[in-house]
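Asks: Structure provided below as structure tokens; questions to follow.
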Amino acid sequence: MIALLVTALAVAALTWVVGWWGVVIAALLAGVVLWRRRGAAWLVALAAIVAWSALILTNAVGGRFATLASSIGGVMGVPPALLVIVTLLFGALLAWSAAVLGSEIRRAARSARGPV
Amino acid sequence: MRVLRLVVALLVLGGGLVVGARPIGPAPALGAFLEPAHGVWSLARAAVPATGADADIPGLGASVEVVYDERAVPHIFARSEEDAYRALGYVVARDRLFQLYVQTLAAGGRLTEIGGAQALPLDREMRHLGLPRAAERLTARTGDTSVAVRMVRAYADGVNAYIAAMPAAELPLEFRLLGKRPPRWAPGDSYLLLNRMGWTLANIANERERTTAATRVGQVAADALFPDDSPIVEPIQPNGQSAPRFDFAPLPPPGRPDSASLLFSAATDAWLPSRSLAADAEDDEAASWKASNNWAVMPKRSATGNALLAGDPHLDLTLPSLWYEAHLVVPGRLDVYGATIPGAPAVVLGFNRDVAWTFTNTGADVMDFYVEEVDDDRRPTRHRVDGAWRPIEARVETYRGQKGETVAVDTVYYTFRGPMQRARGRWLSVRWTVLEAGGEATGFIEGAHARSASEFEDVMARSYRAPAQNMLAADRGGHIAIRSTGRYPIRARNGSVPLDGTSSANDWRGDLPVEQWPQAYDPAQGYLASANQQPVDPRGSGFWFGGSYDPWRALRINALLRADSSVTVDEMRRLQTDPGSARADYYVPFFLAAAQRVATRGAGPNRDLLAEAARLLGRWDRRYTSSNTAAVLFETALREAAVQTWDELASENGGRRATPSSAVFARLMADSASVWWDDRGTPVVEDRDAILATSLVTAFLATRQRFGVPGGNGWQWSNVHRVNIQHLLRIPSLSALGLPVEGGPGTLSPISIGGANGPSWRMVVELGPTIHAWTTYPGGQSGNPASPRYKDRLGQWVDGTLEAVHVPLRSSELPAAQRSGVLTLRPAR
């Protein structure tokens with residue numbers, strides 16, 4: 001749970017600072033750190049969903065989220081809800097794949113150093 | 001298994017990075033677009049502006065306070081005019097940044113940069129007309145420190161200050177969809193927009209139709225069918241008559257085709273192709289549904305004893321709207337409120353503490369074509385005038401695509417008259433007042449200081465050139481004035497045919513002096529009204545203004561104002577959406593009488609249908625209300641009658657017909673046995689009554705087939721008369737489509753076919769000791785589709801209601817309950 005929250009916080013913070021690349025960077029780092037953990041990549045993907053959901057929520061609170069979603073959905077020709085799902089899925093896929101890569105890099109680096 | 005997972009992860013990551021960073025097809029790059037902190041979702045936050053904000057603006061002389069009222073209108077309180085216009089640029093950019101961008105692209109012939117090659121025809125029209133070149137020359141020429149130039153530059157500074165400091169969340173949706181960033185605003189962009197307005201209001205439909213008709217029925221008949229003078233006379237400049245005059249001489253019969261006129265048609269098609277296409281898509285009567293109105297009453301005809309003024313310019317309706325409402329205050333110097341065009345540093349239609357003003361389009365013909373003799377037909381470098389060669393300027397126009405690639409390259413040639421194009425194997429140049437204008441911004445900026453109606457008119461007459469406008473003003477002293485202000489070239493002969501460019505005798509010989517412009521001041525009738533009708537009584541003017549004029553709305557306004565010697569503010573408002581039609585009042589009795597006469601002489605198998613149609617039409621109150629069920633029958637019948645009557649004007653290959661206006665058709669009504677009534681496709685010789693009766697039956701059957709039970713809900717006017725307000729990129733989900741509104745052809749609030757042109761701004765002003773005003777427009781102040789201010793005024797616009805505006809002298813006069821936000825602009829260090 002702590003790993004999930006910390007990763008989500010990292011994803012949110014880096015997204016805020018550097019934009020969408022933030023999720024890749026944060027997930028890559030999380031993958032490196034959590035490489036031993038079983039299902040780490042899925043946890044990072046979940047953290048990305050949590051983080052991006054929270055960020056979307058900050059836009060929705062006091063904002064005009066439903067109107068906006070409806071407008072963009074209309075432009076894209078998709079239901080507004082699907083657009084939100086696509087957003088979260090996009091972040092989650094980036095996070096999962098980057099986390100897998102991060103954990104494999106860490107594993108490879110460790111293998112290269114040989115058994116301790 | 002791990003290897004497979006890694007491969008999948010790499011593929012997903014690679015794919016994600018690609019679609020995240022690069023646009024795929026029409027879709028934007030998904031990364032920046034969907035990212036929730038600053039991407040498109042953050043627009044939900046930006047849609048509700050902070051109630052308090054501040055910004056540092058380079059060049060600002062002192063702090064400026066901008067108070068937004070509950071209608072989201074910014075009240076700008078500055079200490080200098082430059083600061084006020086700088087702040088106006090800032091707040092307009094804040095609310096309408098994408099509109100600034102796309103309007104500039106459209107006016108500059110650069111739409112290919114967002115639309116690719118499919119936008120090339122539109123861009124070519126702008127560049128071949130020389131509009132960007134004219135703006136560039138104006139910008140270069142105004143390297144001075146005149147007031148207008150300083151304000152234009154200050155405005156640009158304000159726009160650029162916003163762009164430079166714009167929070168990521170406020171980047172408009174359209175930029176995100178297109179994957180673009182807003183470019184810096186150049187002072188010349190303001191001139192581009194003003195030139196574009198000249199193009200919007202260019203009026204050559206009548207001449208084009210006349211020349212088309214001449215190729216089918218000869219020049220004499222064509223001149224009568226598409227006359228320079230309206231056969232129904234109710235001029236802007238009062239002619240001392242207490243009723244309209246109907247100059248209904250019989251129309252000359254069709255004559256031999258005159259193919260010489262084709263050159264003029266070719267010229268208009270070459271320079272204004274989009275206008276020609278639009279005209280081809282609708283008949284001439286539909287084109288005349290485009291309209292603007294204004295009127296003012298003197299204290300002696302107003303219920304409150306104060307002068308009243310109303311105005312509603314009809315233009316293409318878009319979201320966001322063409323207009324942006326603002327109030328600029330510089331204590332002791334400037335206090336002006338009204339409608340600004342985003343991109344133009346001026347209140348175009350509005351009022352100050354003493355004077356109110358509003359415009360309609362004059363529609364004068366100020367565009368002439370010249371057949372040029374050039375030295376090299378393929379690459380001309382000189383053209384001959386009076387036996388001597390004069391140089392031709394060649395300008396290379398490069399059209400860029402979405403990624404900066406070259407889409408096309410043209411060379412546009414210019415004589416001293418204007419741009420040249422080839423038409424029907426000849427080189428033609430065009431001379432047009434819009435390309436030689438430039439004082440419009442000066443007029444608007446200085447006009448805002450006027451202290452009386454006459455001063456306003458005089459300020460505008462000194463500076464304003466094109467497009468000519470019927471400028472109506474009223475002041476607190478109870479005076480009203482109107483003048484058709486603009487540049488009217490004096491020609492050796494009228495400009496309705498291409499002129500011989502090898503002779504300077506055909507060039508313009510100066511301009512009509514101000515005292516000869518159509519105008520009136522405090523007329524005895526106690527009111528003034530313009531509705532795109534002929535400005536002066538042709539019997540009283542020897543000057544050729546050209547153009548084409550729609551008399552019906554003027555008839556209606558004048559009839560209503562003549563009948564009312566105690567006009568109230570609310571009546572002024574109601575007039576703007578009055579569903580009554582002088583056109584229907586004129587025509588319906590002819591249909592009813594024809595039905596009766598034809599029935600008397602034996603209507604054959606259609607007798608019952610004719611009786612039923614006549615019964616429905618006879619019950620109609622001739623008002624285009626949403627729920628009435630006869631307007632659709634009348635309009636269909638009138639159109640059918642025009643088609644049957646003007647069969648001589650149809651092209652032999654089945655192309656469109658040149659259709660005379662309903663005012664000319666009205667003239668024909670007075671001649672029941674004219675040869676024009678005969679439908680050449682039938683063996684019998686029809687007269688007026690036969691055509692009208694047949695048209696009524698045909699319309700009845702067509703309407704019944706399309707809308708069901710006669711007189712039922714399917715026949716309601718609202719089913720056929722709807723407004724479609726398109727988003728600037730014509731994205732349906734960002735548009736307002738299918739809005740039912742009252743009004744119809746000939747009423748004061750017509751909507752064009754397609755529903756895209758209508759009243760773009762409505763204003764009523766009472767000029768008492770304290771000024772009061774009411775306004776609305778179809779849209780809202782914000783360009784953000786998620787904003788509650790994006791189209792919040794649509795409801796009241798559809799209903800024909802107006803909102804009272806606030807005109808505080810100082811910011812403290814606007815109480816907290818009437819404020820929606822405050823923006824403080826400070827000088828940047």
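Residues in the structure tokens are numbered from 1 in each chain, the chains being A, B, ... in the order shown, and ligands are numbered from 1 in the order shown.
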Run DSSP on the backbone and tell me which residues of range 65-281 of chain B come out as helix (DSSP H, G or I); list them as a VMD selection string.

Replies: chain B and resid 81 to 107 112 to 128 131 to 141 147 to 165 168 to 170 173 to 178 187 to 200 205 to 217 219 to 225 259 to 271 273 to 281

Asks: Which residues of chain A come within 7 Å of chain B, and what is each one's closest atom pair and distance in Å (one decimal), counting only C-alpha atoms, sorted by chain and residue number, as a Markdown table?

Replies:
| residue | atom | partner | partner_atom | distance |
| --- | --- | --- | --- | --- |
| A:Thr15 | CA | B:Ala37 | CA | 6.7 |
| A:Trp16 | CA | B:Ala37 | CA | 5.4 |
| A:Gly19 | CA | B:Glu35 | CA | 6.6 |
| A:Trp20 | CA | B:Glu35 | CA | 5.3 |
| A:Trp52 | CA | B:Pro36 | CA | 6.1 |
| A:Leu55 | CA | B:Pro36 | CA | 5.6 |
| A:Ile56 | CA | B:Pro36 | CA | 5.4 |
| A:Asn59 | CA | B:Arg45 | CA | 5.0 |
| A:Ala60 | CA | B:Ala44 | CA | 6.4 |
| A:Gly63 | CA | B:Arg45 | CA | 4.6 |
| A:Arg64 | CA | B:Ala44 | CA | 4.7 |
| A:Phe65 | CA | B:Ala44 | CA | 5.0 |
| A:Thr67 | CA | B:Ala786 | CA | 5.3 |
| A:Leu68 | CA | B:Ala786 | CA | 4.6 |
| A:Ser71 | CA | B:Ser733 | CA | 5.8 |
| A:Gly74 | CA | B:Ser733 | CA | 4.9 |
| A:Val75 | CA | B:Ser733 | CA | 6.0 |
| A:Thr87 | CA | B:Leu34 | CA | 5.7 |
| A:Leu93 | CA | B:Val12 | CA | 6.9 |
| A:Leu94 | CA | B:Leu13 | CA | 5.7 |
| A:Ser97 | CA | B:Ala9 | CA | 4.3 |
| A:Ala98 | CA | B:Leu13 | CA | 6.4 |
| A:Val100 | CA | B:Ala9 | CA | 6.3 |
| A:Leu101 | CA | B:Leu6 | CA | 6.7 |

Asks: As an exercise, work out the distance from CA of Ser541 in chain B to CA of Trp517 in chain B in Å and give it to one decimal place.

Replies: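 Atom-to-atom, CA of Ser541 in chain B and CA of Trp517 in chain B are spaced 9.8 Å apart.
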
Asks: Just the residues within 12 Å of Gly795 in chain B, please, counting only C-alpha atoms, with nothing from its chain fewer than 6 positions along; format it as a list in words.

Replies: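 The contact residues come out as Ala736, Leu739, Pro740, Val741, Thr776, Tyr777, Pro778, Gly779, Gly780, Thr801, Leu802 and Glu803 of chain B.
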
Asks: Which distance in Å separates CA of Asn294 in chain B and CA of Asp365 in chain B, to one decimal?

Replies: 21.0 Å

Asks: Any idea what's packed within 10 Å of Ser63 in chain B, counting only C-alpha atoms, ignoring anything in its chain fewer than 3 positions away? Could you give it as a list in words?

Replies: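 Near Ser63 in chain B, the qualifying residues are Ala55, Asp56, Ile57, Leu60, Val66, Phe77, Ala78, Arg79, Asp83, Ala87, Thr824, Leu825, Arg826, Pro827 and Ala828 of chain B.
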
Asks: From the options B:His128, B:Met298, B:Val330, B:Ala448, which residue's atoms come nearest to Val64 in chain B, counting only C-alpha atoms?

Replies: B:Val330

Asks: With only C-alpha atoms as the counted atoms, please give the residues lying no more than 12 Å from Ser651 in chain B, apart from itself and same-chain residues fewer than 3 positions off, as JSON, numbers by chain.

Replies: {"B": [212, 213, 214, 215, 216, 217, 257, 646, 647, 648, 654, 655, 656, 657, 658, 659]}

Asks: Take the residues from that selection and put them in a file with C-alpha atoms, as a PDB file, in the first residue's frame.

Replies:
ATOM      1  CA  THR B 212     -25.385  36.294 -66.291  1.00  0.00           C
ATOM      2  CA  ALA B 213     -28.905  37.341 -67.219  1.00  0.00           C
ATOM      3  CA  ALA B 214     -27.638  39.441 -70.128  1.00  0.00           C
ATOM      4  CA  THR B 215     -26.208  36.330 -71.720  1.00  0.00           C
ATOM      5  CA  ARG B 216     -29.709  34.869 -71.769  1.00  0.00           C
ATOM      6  CA  VAL B 217     -32.155  37.735 -72.250  1.00  0.00           C
ATOM      7  CA  PRO B 257     -28.488  37.125 -75.643  1.00  0.00           C
ATOM      8  CA  TRP B 646     -38.001  33.438 -64.624  1.00  0.00           C
ATOM      9  CA  ASP B 647     -37.648  30.378 -66.840  1.00  0.00           C
ATOM     10  CA  GLU B 648     -36.129  32.651 -69.512  1.00  0.00           C
ATOM     11  CA  GLY B 654     -29.738  23.094 -66.784  1.00  0.00           C
ATOM     12  CA  GLY B 655     -27.449  25.250 -64.674  1.00  0.00           C
ATOM     13  CA  ARG B 656     -28.728  27.725 -62.145  1.00  0.00           C
ATOM     14  CA  ARG B 657     -30.899  30.612 -63.161  1.00  0.00           C
ATOM     15  CA  ALA B 658     -30.132  34.236 -62.467  1.00  0.00           C
ATOM     16  CA  THR B 659     -33.022  35.117 -60.187  1.00  0.00           C
TER      17      THR B 659
END

Asks: Taking 5 positions as the minimum chain separation for residues in the same chain, which residues sit within 9 Å of Val23 in chain A when counting only C-alpha atoms? Answer as an mmCIF file with C-alpha atoms, in the first residue's frame.

Replies:
data_model
loop_
_atom_site.group_PDB
_atom_site.id
_atom_site.type_symbol
_atom_site.label_atom_id
_atom_site.label_comp_id
_atom_site.auth_asym_id
_atom_site.auth_seq_id
_atom_site.Cartn_x
_atom_site.Cartn_y
_atom_site.Cartn_z
ATOM 1 C CA ALA A 10 5.940 10.327 -7.630
ATOM 2 C CA VAL A 11 3.934 9.884 -10.827
ATOM 3 C CA ALA A 12 1.680 12.818 -9.955
ATOM 4 C CA LEU A 14 6.639 14.288 -12.061
ATOM 5 C CA THR A 15 3.612 14.619 -14.335
ATOM 6 C CA LEU A 28 11.041 3.499 -14.748
ATOM 7 C CA ALA A 48 -0.293 5.748 -12.481
ATOM 8 C CA GLY A 91 -0.869 6.469 -18.462
ATOM 9 C CA ALA A 92 -1.176 2.938 -17.083
ATOM 10 C CA LEU A 94 3.211 3.718 -20.185
ATOM 11 C CA ALA A 95 3.749 3.073 -16.487
ATOM 12 C CA ALA A 98 8.387 1.525 -18.189
#

Asks: As a PDB file with C-alpha atoms, in the first residue's frame, please: the residues near range 138-153 of chain B (cut-off 6 Å, only C-alpha atoms, same-chain neighbours under 6 positions excluded).

Replies:
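The resulting file, result_16.pdb, is reproduced below:
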ATOM      1  CA  GLU B  82      -2.524  53.187 -24.615  1.00  0.00           C
ATOM      2  CA  PRO B 187       0.157  45.026 -35.329  1.00  0.00           C
ATOM      3  CA  GLY B 188      -0.425  44.297 -39.004  1.00  0.00           C
ATOM      4  CA  PRO B 345      -8.239  47.805 -30.946  1.00  0.00           C
ATOM      5  CA  THR B 442      -8.292  55.887 -36.559  1.00  0.00           C
TER       6      THR B 442
END
